[in-house]
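start_4.txt (compact mmCIF, C-alpha atoms and all ligand atoms) appears below.
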# COMPACT_ATOMS: atom_id res chain seq x y z
CA MET A 291 101.11 105.41 79.81
CA PHE A 292 104.42 103.96 78.65
CA GLU A 293 105.98 104.18 82.11
CA THR A 294 109.22 102.33 82.70
CA SER A 295 108.22 100.99 86.10
CA SER A 296 105.07 100.23 88.04
CA LEU A 297 103.91 100.28 91.64
CA THR A 298 101.43 97.85 93.10
CA ILE A 299 99.61 98.21 96.42
CA SER A 300 98.40 95.10 98.23
CA LYS A 301 94.89 95.17 99.63
CA SER A 302 95.34 92.06 101.78
CA ALA A 303 98.49 93.50 103.32
CA TYR A 304 96.51 96.63 104.18
CA GLN A 305 93.75 94.58 105.79
CA ASN A 306 96.37 92.78 107.88
CA ASN A 307 97.80 96.10 109.12
CA LEU A 308 94.37 97.56 109.83
CA ASP A 309 93.48 94.50 111.91
CA PHE A 310 96.71 94.88 113.87
CA ILE A 311 96.17 98.61 114.50
CA ARG A 312 92.57 98.05 115.61
CA LYS A 313 93.79 95.40 118.06
CA GLN A 314 96.00 98.01 119.75
CA CYS A 315 92.98 100.21 120.43
CA ASN A 316 89.87 99.63 122.51
CA ASP A 317 86.47 99.45 120.86
CA GLY A 318 85.14 102.88 120.16
CA VAL A 319 88.51 104.37 119.25
CA ARG A 320 88.19 105.90 115.80
CA PHE A 321 90.91 105.25 113.24
CA CYS A 322 92.09 108.19 111.17
CA SER A 323 94.34 107.27 108.26
CA VAL A 324 97.18 109.75 107.71
CA VAL A 325 97.69 110.13 103.96
CA LYS A 326 99.87 113.23 103.66
CA GLY A 327 102.81 113.07 101.25
CA ASN A 328 100.78 111.34 98.52
CA ALA A 329 99.78 108.64 101.06
CA TYR A 330 103.46 108.18 101.96
CA GLY A 331 104.15 107.65 98.26
CA HIS A 332 101.47 104.98 97.84
CA GLY A 333 99.35 107.25 95.61
CA LEU A 334 96.73 109.39 97.35
CA VAL A 335 93.59 108.66 95.37
CA PRO A 336 94.14 104.94 94.66
CA PHE A 337 95.11 104.47 98.30
CA VAL A 338 92.13 106.27 99.86
CA ARG A 339 89.70 104.50 97.52
CA MET A 340 91.12 101.14 98.59
CA ALA A 341 91.04 102.11 102.28
CA TYR A 342 87.47 103.35 101.99
CA ASP A 343 86.42 100.00 100.51
CA GLN A 344 87.95 98.42 103.60
CA GLY A 345 85.91 100.57 105.96
CA VAL A 346 88.28 103.50 106.58
CA ASP A 347 86.31 106.74 106.36
CA TYR A 348 88.54 109.31 108.08
CA PHE A 349 91.69 110.75 106.53
CA ALA A 350 94.23 113.36 107.61
CA VAL A 351 96.44 115.37 105.27
CA TYR A 352 98.61 118.45 105.52
CA SER A 353 97.55 120.45 102.51
CA SER A 354 94.20 121.65 101.31
CA ALA A 355 95.13 120.41 97.83
CA GLU A 356 95.32 116.85 99.14
CA ALA A 357 92.04 117.28 101.03
CA TYR A 358 90.44 118.48 97.81
CA GLU A 359 91.62 115.37 95.96
CA ILE A 360 90.19 113.09 98.63
CA LYS A 361 86.84 114.88 98.76
CA SER A 362 86.60 114.78 94.95
CA ALA A 363 87.15 111.01 95.00
CA LEU A 364 85.17 110.26 98.17
CA PRO A 365 82.63 112.98 98.98
CA LYS A 366 81.38 111.12 102.07
CA ALA A 367 84.75 110.61 103.74
CA ASP A 368 85.71 112.74 106.73
CA VAL A 369 88.89 114.71 106.14
CA ILE A 370 91.19 116.75 108.39
CA ILE A 371 93.66 119.34 107.11
CA MET A 372 96.44 119.40 109.71
CA GLY A 373 98.48 122.12 108.02
CA MET A 374 97.86 125.24 105.98
CA THR A 375 94.47 126.68 105.12
CA ASP A 376 94.40 130.15 103.57
CA GLU A 377 91.20 132.08 102.78
CA PRO A 378 90.13 130.30 99.58
CA SER A 379 90.82 126.83 100.96
CA MET A 380 89.19 127.75 104.30
CA GLU A 381 86.05 128.74 102.45
CA TRP A 382 86.09 125.47 100.54
CA ALA A 383 86.73 123.50 103.74
CA ILE A 384 83.80 125.11 105.54
CA ASN A 385 81.46 124.59 102.60
CA ASN A 386 82.47 120.93 102.35
CA GLU A 387 82.58 120.15 106.08
CA VAL A 388 86.29 119.45 105.94
CA GLU A 389 87.89 119.69 109.39
CA ILE A 390 90.90 121.87 110.13
CA PHE A 391 93.60 122.01 112.77
CA VAL A 392 93.62 125.46 114.40
CA PHE A 393 96.90 126.35 116.08
CA ASP A 394 97.08 130.13 116.30
CA PHE A 395 94.77 133.10 116.90
CA GLU A 396 94.97 134.40 113.31
CA LYS A 397 93.71 131.08 112.00
CA LEU A 398 90.99 130.87 114.65
CA GLU A 399 89.79 134.38 113.85
CA LEU A 400 89.88 133.75 110.09
CA ALA A 401 87.96 130.49 110.49
CA ILE A 402 85.25 132.16 112.54
CA LYS A 403 85.07 135.20 110.27
CA MET A 404 84.62 133.00 107.20
CA ALA A 405 82.08 130.81 109.00
CA HIS A 406 80.03 133.95 109.72
CA GLN A 407 80.28 135.01 106.07
CA ILE A 408 79.22 131.62 104.76
CA ASN A 409 76.75 131.22 107.60
CA LYS A 410 77.91 127.70 108.33
CA LYS A 411 79.90 126.11 111.16
CA VAL A 412 83.62 125.53 110.76
CA ASN A 413 84.79 122.13 112.04
CA ILE A 414 87.88 122.63 114.16
CA HIS A 415 90.49 120.70 116.08
CA ILE A 416 92.32 122.83 118.63
CA GLU A 417 96.00 121.93 118.60
CA VAL A 418 97.95 122.48 121.80
CA GLU A 419 101.67 123.19 121.95
CA THR A 420 103.13 120.67 124.40
CA GLY A 421 106.78 120.67 123.38
CA MET A 422 107.07 119.76 119.70
CA ASN A 423 107.46 123.50 119.11
CA ARG A 424 106.03 123.42 115.64
CA THR A 425 102.36 124.40 115.81
CA GLY A 426 99.83 124.72 118.62
CA PHE A 427 98.39 127.15 121.18
CA LEU A 428 100.37 127.73 124.33
CA ILE A 429 98.72 126.37 127.47
CA GLN A 430 98.36 129.86 128.92
CA ASP A 431 96.46 130.98 125.82
CA LEU A 432 93.84 128.24 126.08
CA PRO A 433 91.36 130.18 128.26
CA HIS A 434 91.25 132.90 125.59
CA VAL A 435 90.82 130.25 122.85
CA PHE A 436 87.96 128.64 124.77
CA SER A 437 86.19 131.95 125.24
CA ILE A 438 86.39 132.74 121.50
CA ILE A 439 84.97 129.30 120.74
CA LYS A 440 82.13 129.77 123.23
CA GLU A 441 81.29 133.27 122.03
CA ASN A 442 80.95 131.93 118.49
CA ILE A 443 79.30 128.63 119.31
CA ASP A 444 76.88 128.89 116.37
CA PHE A 445 79.78 129.20 113.96
CA ASN A 446 82.12 126.45 115.04
CA GLU A 447 81.99 122.80 115.97
CA LEU A 448 84.77 121.66 118.28
CA ILE A 449 85.57 118.27 116.74
CA GLY A 450 88.92 117.65 118.35
CA PHE A 451 91.45 118.62 120.98
CA THR A 452 94.92 117.53 120.02
CA THR A 453 98.69 117.62 120.22
CA HIS A 454 101.59 115.89 118.46
CA TYR A 455 104.62 114.20 120.04
CA ALA A 456 108.22 114.92 119.16
CA GLY A 457 109.80 111.50 118.72
CA ALA A 458 107.67 108.89 120.52
CA GLU A 459 109.56 106.20 118.57
CA SER A 460 112.68 106.40 120.68
CA LEU A 461 113.42 106.05 124.40
CA VAL A 462 116.04 108.75 123.98
CA ASN A 463 113.14 111.20 123.81
CA ASP A 464 111.23 109.67 126.72
CA PHE A 465 111.74 112.63 129.07
CA ARG A 466 110.45 114.99 126.41
CA VAL A 467 107.43 112.89 125.41
CA ARG A 468 106.44 112.33 129.07
CA GLU A 469 106.54 116.04 129.65
CA GLN A 470 104.30 116.49 126.61
CA ILE A 471 101.87 113.88 127.92
CA ASN A 472 101.71 115.71 131.27
CA LEU A 473 101.16 119.09 129.65
CA PHE A 474 98.43 117.69 127.42
CA ALA A 475 96.72 116.26 130.52
CA LYS A 476 96.86 119.71 132.06
CA ALA A 477 95.38 121.21 128.88
CA GLN A 478 92.57 118.65 129.07
CA ASP A 479 91.81 119.69 132.66
CA MET A 480 91.47 123.26 131.47
CA LEU A 481 89.22 122.10 128.63
CA HIS A 482 86.94 120.26 131.04
CA GLN A 483 86.74 123.28 133.32
CA SER A 484 85.66 125.38 130.35
CA GLY A 485 82.72 123.06 129.82
CA LEU A 486 83.60 122.48 126.16
CA LYS A 487 83.21 118.89 124.97
CA PRO A 488 84.99 117.98 121.74
CA LYS A 489 84.06 114.77 120.00
CA TYR A 490 87.65 113.53 120.03
CA ILE A 491 90.70 113.91 122.25
CA HIS A 492 93.63 112.71 120.18
CA SER A 493 97.39 112.74 120.09
CA ALA A 494 98.66 109.28 119.12
CA CYS A 495 100.60 108.71 115.92
CA SER A 496 101.98 105.21 115.15
CA ALA A 497 104.90 105.38 117.58
CA ALA A 498 102.84 106.88 120.42
CA MET A 499 100.13 104.24 119.98
CA MET A 500 102.75 101.49 120.39
CA ASN A 501 105.07 103.01 123.00
CA TYR A 502 102.67 105.19 125.01
CA PRO A 503 99.25 103.50 124.72
CA GLU A 504 97.90 105.93 127.34
CA THR A 505 97.94 108.52 124.53
CA ILE A 506 95.31 106.69 122.46
CA GLY A 507 92.29 108.72 123.64
CA ASN A 508 89.29 108.06 121.38
CA LEU A 509 91.01 108.64 118.05
CA VAL A 510 94.38 107.61 116.61
CA ARG A 511 96.10 109.26 113.65
CA ILE A 512 98.09 106.51 112.03
CA GLY A 513 100.44 106.95 109.09
CA ILE A 514 103.50 104.78 108.67
CA MET A 515 102.22 101.58 110.34
CA GLN A 516 99.20 101.25 108.09
CA TYR A 517 101.62 101.03 105.17
CA GLY A 518 103.39 98.14 106.88
CA PHE A 519 106.43 99.90 108.36
CA TRP A 520 107.47 100.27 111.96
CA PRO A 521 108.19 103.89 112.88
CA ASN A 522 111.73 102.73 113.60
CA GLU A 523 113.53 99.54 114.50
CA GLU A 524 113.50 100.33 118.22
CA THR A 525 109.70 100.32 118.28
CA LEU A 526 109.64 96.94 116.55
CA ILE A 527 112.21 95.49 118.92
CA ARG A 528 110.33 96.76 121.99
CA PHE A 529 107.09 95.30 120.70
CA ASN A 530 108.62 92.03 119.63
CA GLY A 531 110.15 91.00 122.95
CA ASN A 532 113.58 92.47 122.33
CA SER A 533 113.95 90.81 118.98
CA ARG A 534 113.44 91.73 115.38
CA GLU A 535 113.67 88.20 114.06
CA ASN A 536 110.91 86.86 111.84
CA ASP A 537 108.56 89.68 112.42
CA GLN A 538 105.43 89.17 110.34
CA THR A 539 103.18 91.51 112.29
CA LEU A 540 102.94 94.21 109.64
CA LYS A 541 102.92 93.63 105.94
CA ARG A 542 104.26 95.98 103.28
CA LEU A 543 101.72 97.16 100.74
CA LEU A 544 104.04 98.47 98.12
CA SER A 545 106.02 96.73 95.36
CA TRP A 546 108.01 98.53 92.70
CA LYS A 547 108.92 96.75 89.50
CA SER A 548 110.58 97.45 86.19
CA LYS A 549 112.04 95.42 83.32
CA VAL A 550 115.42 94.76 81.80
CA MET A 551 115.86 97.34 79.03
CA THR A 552 119.01 95.92 77.47
CA LEU A 553 122.03 93.75 78.26
CA LYS A 554 125.65 94.80 78.02
CA PRO A 555 128.63 92.44 78.05
CA ILE A 556 131.81 94.11 79.34
CA LYS A 557 135.43 93.06 79.69
CA LYS A 558 137.53 92.80 82.81
CA GLY A 559 138.99 96.23 83.59
CA ASP A 560 136.25 98.24 81.82
CA TYR A 561 134.73 101.17 83.70
CA VAL A 562 130.95 101.37 83.91
CA GLY A 563 128.93 104.54 83.48
CA TYR A 564 130.00 108.04 84.45
CA ASN A 565 133.40 108.42 86.08
CA THR A 566 135.47 105.58 87.44
CA SER A 567 133.62 104.41 90.52
CA PHE A 568 133.07 100.91 89.11
CA GLN A 569 135.66 98.84 87.26
CA ALA A 570 134.79 95.33 86.04
CA TYR A 571 136.49 92.70 88.21
CA ALA A 572 136.08 90.11 85.41
CA ASP A 573 134.31 89.72 82.10
CA MET A 574 130.74 90.51 83.10
CA THR A 575 127.18 90.90 81.86
CA LEU A 576 125.26 93.96 82.96
CA ALA A 577 121.52 94.52 82.71
CA VAL A 578 120.41 98.10 82.18
CA ILE A 579 117.20 99.06 84.01
CA PRO A 580 115.23 102.13 82.86
CA VAL A 581 114.86 103.67 86.33
CA GLY A 582 117.01 106.36 87.91
CA TYR A 583 116.99 109.19 90.39
CA ALA A 584 114.43 111.10 88.33
CA TYR A 585 112.03 108.30 89.34
CA GLY A 586 112.81 108.38 93.04
CA TYR A 587 115.55 105.75 92.95
CA SER A 588 118.14 107.36 95.14
CA ARG A 589 121.52 108.22 93.65
CA SER A 590 123.03 107.29 97.00
CA LEU A 591 122.33 103.65 96.11
CA SER A 592 125.12 103.91 93.52
CA ASN A 593 127.44 100.89 93.87
CA SER A 594 125.48 99.71 96.91
CA GLY A 595 121.80 98.99 96.13
CA LYS A 596 120.42 95.70 94.85
CA VAL A 597 117.50 94.61 92.71
CA LEU A 598 115.99 91.15 92.14
CA ILE A 599 116.05 89.38 88.77
CA HIS A 600 115.00 85.70 88.43
CA GLY A 601 114.75 85.62 92.22
CA GLU A 602 118.44 86.50 92.63
CA GLU A 603 120.05 89.65 93.95
CA ALA A 604 121.72 91.77 91.29
CA PRO A 605 123.97 94.51 92.69
CA ILE A 606 124.11 98.00 91.19
CA CYS A 607 127.34 98.73 89.33
CA GLY A 608 128.39 102.34 89.02
CA ILE A 609 126.37 105.45 89.56
CA VAL A 610 122.59 105.60 89.47
CA ASN A 611 121.85 107.88 86.49
CA MET A 612 118.91 110.16 86.02
CA ASN A 613 116.96 107.61 83.99
CA ALA A 614 118.89 104.35 84.19
CA LEU A 615 120.95 102.09 86.37
CA CYS A 616 123.17 99.08 85.65
CA VAL A 617 123.20 95.85 87.63
CA ASP A 618 125.52 92.86 87.54
CA VAL A 619 123.74 89.74 86.23
CA SER A 620 126.86 87.70 85.41
CA HIS A 621 125.84 85.10 88.03
CA ILE A 622 122.22 84.83 86.84
CA PRO A 623 121.70 82.55 83.83
CA ASN A 624 119.52 83.43 80.82
CA VAL A 625 118.60 86.99 81.71
CA LYS A 626 116.72 88.48 78.76
CA LYS A 627 115.35 91.83 77.72
CA THR A 628 111.98 92.59 79.37
CA ASP A 629 112.60 90.17 82.27
CA GLU A 630 110.98 91.42 85.47
CA VAL A 631 113.13 93.50 87.84
CA VAL A 632 112.02 94.03 91.44
CA LEU A 633 113.23 97.31 92.95
CA ILE A 634 111.12 96.95 96.11
CA GLY A 635 109.14 93.82 97.01
CA ASN A 636 109.42 90.04 96.57
CA GLN A 637 110.54 87.74 93.85
CA ASP A 638 110.54 84.00 94.59
CA LYS A 639 111.87 83.79 98.14
CA LYS A 640 113.89 86.99 98.22
CA THR A 641 112.78 90.44 99.30
CA ILE A 642 114.07 93.95 98.80
CA SER A 643 112.35 95.84 101.57
CA VAL A 644 112.10 99.58 101.62
CA ALA A 645 113.68 99.41 105.05
CA SER A 646 116.80 97.68 103.82
CA PHE A 647 116.73 99.96 100.82
CA GLY A 648 116.37 102.78 103.35
CA GLU A 649 119.21 101.56 105.52
CA MET A 650 121.44 101.08 102.50
CA SER A 651 120.74 104.57 101.32
CA ASP A 652 120.80 106.11 104.79
CA GLN A 653 117.29 107.49 104.54
CA LEU A 654 114.23 106.97 106.62
CA ASN A 655 111.35 104.97 105.21
CA TYR A 656 109.19 108.07 105.41
CA GLU A 657 111.45 110.06 103.13
CA LEU A 658 112.14 107.34 100.63
CA LEU A 659 108.49 106.46 100.22
CA THR A 660 107.33 110.02 99.75
CA ARG A 661 109.95 110.55 97.06
CA LEU A 662 108.34 107.97 94.79
CA PRO A 663 107.11 110.09 91.90
CA TYR A 664 103.46 110.98 91.36
CA ASP A 665 103.34 109.84 87.78
CA ILE A 666 104.21 106.17 88.18
CA PRO A 667 100.84 104.41 88.09
CA ARG A 668 99.71 102.68 91.29
CA THR A 669 97.69 99.53 90.82
CA ILE A 670 95.74 97.91 93.63
CA ILE A 671 96.18 94.14 93.80
CA ASP A 672 94.80 91.52 96.20
C1 LIG A 701 102.47 112.51 110.14
C2 LIG A 701 101.63 112.75 111.29
C3 LIG A 701 100.98 111.68 111.94
C4 LIG A 701 101.22 110.23 111.58
O1 LIG A 701 102.51 109.83 111.96
P1 LIG A 701 103.03 108.33 111.76
O2 LIG A 701 104.32 108.29 112.49
O3 LIG A 701 103.26 108.14 110.29
O4 LIG A 701 101.99 107.42 112.29
C5 LIG A 701 100.11 112.01 112.97
N1 LIG A 701 99.90 113.30 113.34
C6 LIG A 701 100.52 114.34 112.75
C7 LIG A 701 100.24 115.73 113.20
C8 LIG A 701 101.40 114.11 111.71
O5 LIG A 701 102.03 115.13 111.12

What's the structure tokens form of this structure?
Ligand SMILES: *Cc1c(COP(=O)(O)O)cnc(C)c1O
Amino acid sequence: MFETSSLTISKSAYQNNLDFIRKQCNDGVRFCSVVKGNAYGHGLVPFVRMAYDQGVDYFAVYSSAEAYEIKSALPKADVIIMGMTDEPSMEWAINNEVEIFVFDFEKLELAIKMAHQINKKVNIHIEVETGMNRTGFLIQDLPHVFSIIKENIDFNELIGFTTHYAGAESLVNDFRVREQINLFAKAQDMLHQSGLKPKYIHSACSAAMMNYPETIGNLVRIGIMQYGFWPNEETLIRFNGNSRENDQTLKRLLSWKSKVMTLKPIKKGDYVGYNTSFQAYADMTLAVIPVGYAYGYSRSLSNSGKVLIHGEEAPICGIVNMNALCVDVSHIPNVKKTDEVVLIGNQDKKTISVASFGEMSDQLNYELLTRLPYDIPRTIID
């Protein structure tokens, strides 16, 4: 209540992106929506409810806390925890048929021990280390992993066999990703020899799905592209025939809006805000917007970001404060208190995209999105 800005999430944009993603995959490939990081800032619960209405019933997160939120909202959805599960959350996961990534022997042993205690199968995805060097079993440890799984076959269900690529968005990493693909193929040979048959073999994130379609398997784990962003510009350019012009393939879901809080006329030569980084080049009118870095609006956009007011770009003057920022509206007639301000999104024919916002502030889309605070309400619109 009483928030100074609002976020809207577009359902039709999401449908557009889902259609595009499904077109990249053959029939029978299951779509798993990656919603870690508060659904990349889109708001976990509002986002998963919307996605579920549109037929998405499989979600992947990092933390058990996020899995718990999804299961509370959508008890029938399938959920994977790709990161940490300690004893209490493991117990909850087993009881609620939530799937977990298993990437080391301690976790495998704990999962099986708890499954015995609860007398219920634990749903696991075995993650293989192929070169990301974050989490995953080493190839040479797989025979031991398979024998533990087989010895405890009444207490585990092998749902998935998986790995994750280290930078499939860029050709610079091609040698590394190809080596990972080869190692994962080798791991799959070992899996087949063991006789184990997981439901899903999966490794593709957004960038791998686009740049290495051979990684698609029968499940894709898609984060950034479902929200309407390319993993990076290179991936867009490669897809789009060496051009990034007029790309309408993906649509952004998110808009971020606020209102003019007050107006401030200043004289030529006046300094604006803290310090002396902005000095008025003429007599000017500033609009003060009640959004600052405490709300996820990066301080690095000081004197460089832009917002939209009356369909015109209004540049930020001075430093982004904790709870406010000032923009130049001298060139925009009749700006009044409470007029709409677009921080991200469209107004008339102009757009402030998170990407350009990201480029301006030298941050990746991923980081900027996930920094949008939890407490700004997210509203789903058509
Ligand atoms: C984040 C993540 C994904 C999704 O990545 P995108 O680039 O957003 O599609 C897939 N798998 C794992 C293990 C991840 O951590």

May I have the centre and edge lengths, in Å to one decimal, of an axis-aligned box around the listed atoms of ligand LIG 701 (chain A) with 3 Å added to every side, as AutoDock Vina command-line options?
--center_x 102.1 --center_y 111.6 --center_z 111.7 --size_x 10.4 --size_y 14.3 --size_z 9.2

Protein and nucleic residues near ligand LIG 701 (chain A), 6 Å, all atoms listed in the file, as a PDB file with C-alpha atoms, in the frame of the given file:
ATOM      1  CA  VAL A 324      97.180 109.750 107.710  1.00  0.00           C
ATOM      2  CA  HIS A 454     101.590 115.890 118.460  1.00  0.00           C
ATOM      3  CA  CYS A 495     100.600 108.710 115.920  1.00  0.00           C
ATOM      4  CA  SER A 496     101.980 105.210 115.150  1.00  0.00           C
ATOM      5  CA  ALA A 497     104.900 105.380 117.580  1.00  0.00           C
ATOM      6  CA  ARG A 511      96.100 109.260 113.650  1.00  0.00           C
ATOM      7  CA  ILE A 512      98.090 106.510 112.030  1.00  0.00           C
ATOM      8  CA  GLY A 513     100.440 106.950 109.090  1.00  0.00           C
ATOM      9  CA  ILE A 514     103.500 104.780 108.670  1.00  0.00           C
ATOM     10  CA  PRO A 521     108.190 103.890 112.880  1.00  0.00           C
TER      11      PRO A 521
END

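Every protein or nucleic acid residue with an atom no more than 7 Å from region 550-554 of chain A, counting all atoms listed in the file and leaving out same-chain residues fewer than 6 positions away, appears here: A:Thr575, A:Leu576, A:Ala577, A:Val578, A:Ile579, A:Pro580, A:Lys627, A:Thr628, A:Asp629, A:Glu630, A:Val631.
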
Tell me, as a CSV table (one decimal) with C-alpha atoms, in the coordinates of the input, which residues lie within 8 Å of region 465-468 of chain A, counting only C-alpha atoms; anything in the same chain fewer than 4 positions away does not count.
chain,number,residue,atom,x,y,z
A,421,GLY,CA,106.8,120.7,123.4
A,455,TYR,CA,104.6,114.2,120.0
A,456,ALA,CA,108.2,114.9,119.2
A,457,GLY,CA,109.8,111.5,118.7
A,458,ALA,CA,107.7,108.9,120.5
A,472,ASN,CA,101.7,115.7,131.3

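Using all atoms listed in the file, the shortest contact distance between Asp618 (chain A) and any of A:Met480, A:Ile491, A:Ile606, A:Ala367 is found at A:Ile606.
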
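Remark: for Phe519 (chain A), the closest of the candidate residues A:Ala584, A:Ser643, A:Ala341, A:Thr294 is A:Ser643 (distances computed over all atoms listed in the file).
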
Name the residues in contact with Tyr587 (chain A) at a cut-off of 9 Å, using only C-alpha atoms, excluding same-chain residues fewer than 3 positions from it; report them as an mmCIF file with C-alpha atoms, in the coordinates of the input.
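New file selection_16.cif:
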data_model
loop_
_atom_site.group_PDB
_atom_site.id
_atom_site.type_symbol
_atom_site.label_atom_id
_atom_site.label_comp_id
_atom_site.auth_asym_id
_atom_site.auth_seq_id
_atom_site.Cartn_x
_atom_site.Cartn_y
_atom_site.Cartn_z
ATOM 1 C CA VAL A 581 114.860 103.670 86.330
ATOM 2 C CA GLY A 582 117.010 106.360 87.910
ATOM 3 C CA TYR A 583 116.990 109.190 90.390
ATOM 4 C CA ALA A 584 114.430 111.100 88.330
ATOM 5 C CA SER A 590 123.030 107.290 97.000
ATOM 6 C CA LEU A 591 122.330 103.650 96.110
ATOM 7 C CA VAL A 610 122.590 105.600 89.470
ATOM 8 C CA MET A 612 118.910 110.160 86.020
ATOM 9 C CA LEU A 633 113.230 97.310 92.950
ATOM 10 C CA LEU A 658 112.140 107.340 100.630
ATOM 11 C CA ARG A 661 109.950 110.550 97.060
ATOM 12 C CA LEU A 662 108.340 107.970 94.790
#

Which of these residues is nearest to Ile634 (chain A), using all atoms listed in the file: A:Gly608, A:Gly586, A:Pro488, A:Pro667? A:Gly586

Of the candidates A:Thr669, A:Ile439, A:Leu398, A:Gly345, which one gets nearest to Arg312 (chain A) if we count only C-alpha atoms? A:Gly345

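Nearest residue to Glu523 (chain A), choosing from A:Ile371, A:Glu381, A:Pro433, A:Leu461 and counting all atoms listed in the file: A:Leu461.
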
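If you measure from each of A:Met380, A:Ile671, A:Leu543, A:Met500 to Glu524 (chain A) using all atoms listed in the file, the closest one turns out to be A:Met500.
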
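Across the structure, CA of Gly331 (chain A) and CA of Tyr352 (chain A) are spaced 14.1 Å apart.
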
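Near Gln516 (chain A), within 8 Å and counting only C-alpha atoms, sit A:Tyr304, A:Asn307, A:Leu308, A:Ile311, A:Ser323; same-chain residues fewer than 6 positions away were not included.
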
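The space between CA of Phe310 (chain A) and CA of Glu389 (chain A) spans 26.7 Å.
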
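CA of Ile390 (chain A) to CA of Val351 (chain A) spans 9.8 Å [interatomic distance, one decimal].
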
Sel. within 12 Å of pt (82.5, 135.3, 110.2), counting only C-alpha atoms, output as an MDAnalysis selection string: chainID A and resid 377 380:381 384 398:412 442:446

Write a file of the just-selected residues containing C-alpha atoms, as a compact mmCIF listing (two decimals), keeping the file's coordinate frame.
# COMPACT_ATOMS: atom_id res chain seq x y z
CA GLU A 377 91.20 132.08 102.78
CA MET A 380 89.19 127.75 104.30
CA GLU A 381 86.05 128.74 102.45
CA ILE A 384 83.80 125.11 105.54
CA LEU A 398 90.99 130.87 114.65
CA GLU A 399 89.79 134.38 113.85
CA LEU A 400 89.88 133.75 110.09
CA ALA A 401 87.96 130.49 110.49
CA ILE A 402 85.25 132.16 112.54
CA LYS A 403 85.07 135.20 110.27
CA MET A 404 84.62 133.00 107.20
CA ALA A 405 82.08 130.81 109.00
CA HIS A 406 80.03 133.95 109.72
CA GLN A 407 80.28 135.01 106.07
CA ILE A 408 79.22 131.62 104.76
CA ASN A 409 76.75 131.22 107.60
CA LYS A 410 77.91 127.70 108.33
CA LYS A 411 79.90 126.11 111.16
CA VAL A 412 83.62 125.53 110.76
CA ASN A 442 80.95 131.93 118.49
CA ILE A 443 79.30 128.63 119.31
CA ASP A 444 76.88 128.89 116.37
CA PHE A 445 79.78 129.20 113.96
CA ASN A 446 82.12 126.45 115.04

Find the residues near Asn508 (chain A): any atom within 10 Å, counting only C-alpha atoms, skip ones fewer than 2 places away on the same chain, and give them as a ChimeraX atom specification. /A:315-321,489-494,505-506,510

Given the selection you just returned, output its residues as a file containing C-alpha atoms, formatted as an mmCIF file, keeping the file's coordinate frame.
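Saved as result-v1.cif:
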data_model
loop_
_atom_site.group_PDB
_atom_site.id
_atom_site.type_symbol
_atom_site.label_atom_id
_atom_site.label_comp_id
_atom_site.auth_asym_id
_atom_site.auth_seq_id
_atom_site.Cartn_x
_atom_site.Cartn_y
_atom_site.Cartn_z
ATOM 1 C CA CYS A 315 92.980 100.210 120.430
ATOM 2 C CA ASN A 316 89.870 99.630 122.510
ATOM 3 C CA ASP A 317 86.470 99.450 120.860
ATOM 4 C CA GLY A 318 85.140 102.880 120.160
ATOM 5 C CA VAL A 319 88.510 104.370 119.250
ATOM 6 C CA ARG A 320 88.190 105.900 115.800
ATOM 7 C CA PHE A 321 90.910 105.250 113.240
ATOM 8 C CA LYS A 489 84.060 114.770 120.000
ATOM 9 C CA TYR A 490 87.650 113.530 120.030
ATOM 10 C CA ILE A 491 90.700 113.910 122.250
ATOM 11 C CA HIS A 492 93.630 112.710 120.180
ATOM 12 C CA SER A 493 97.390 112.740 120.090
ATOM 13 C CA ALA A 494 98.660 109.280 119.120
ATOM 14 C CA THR A 505 97.940 108.520 124.530
ATOM 15 C CA ILE A 506 95.310 106.690 122.460
ATOM 16 C CA VAL A 510 94.380 107.610 116.610
#
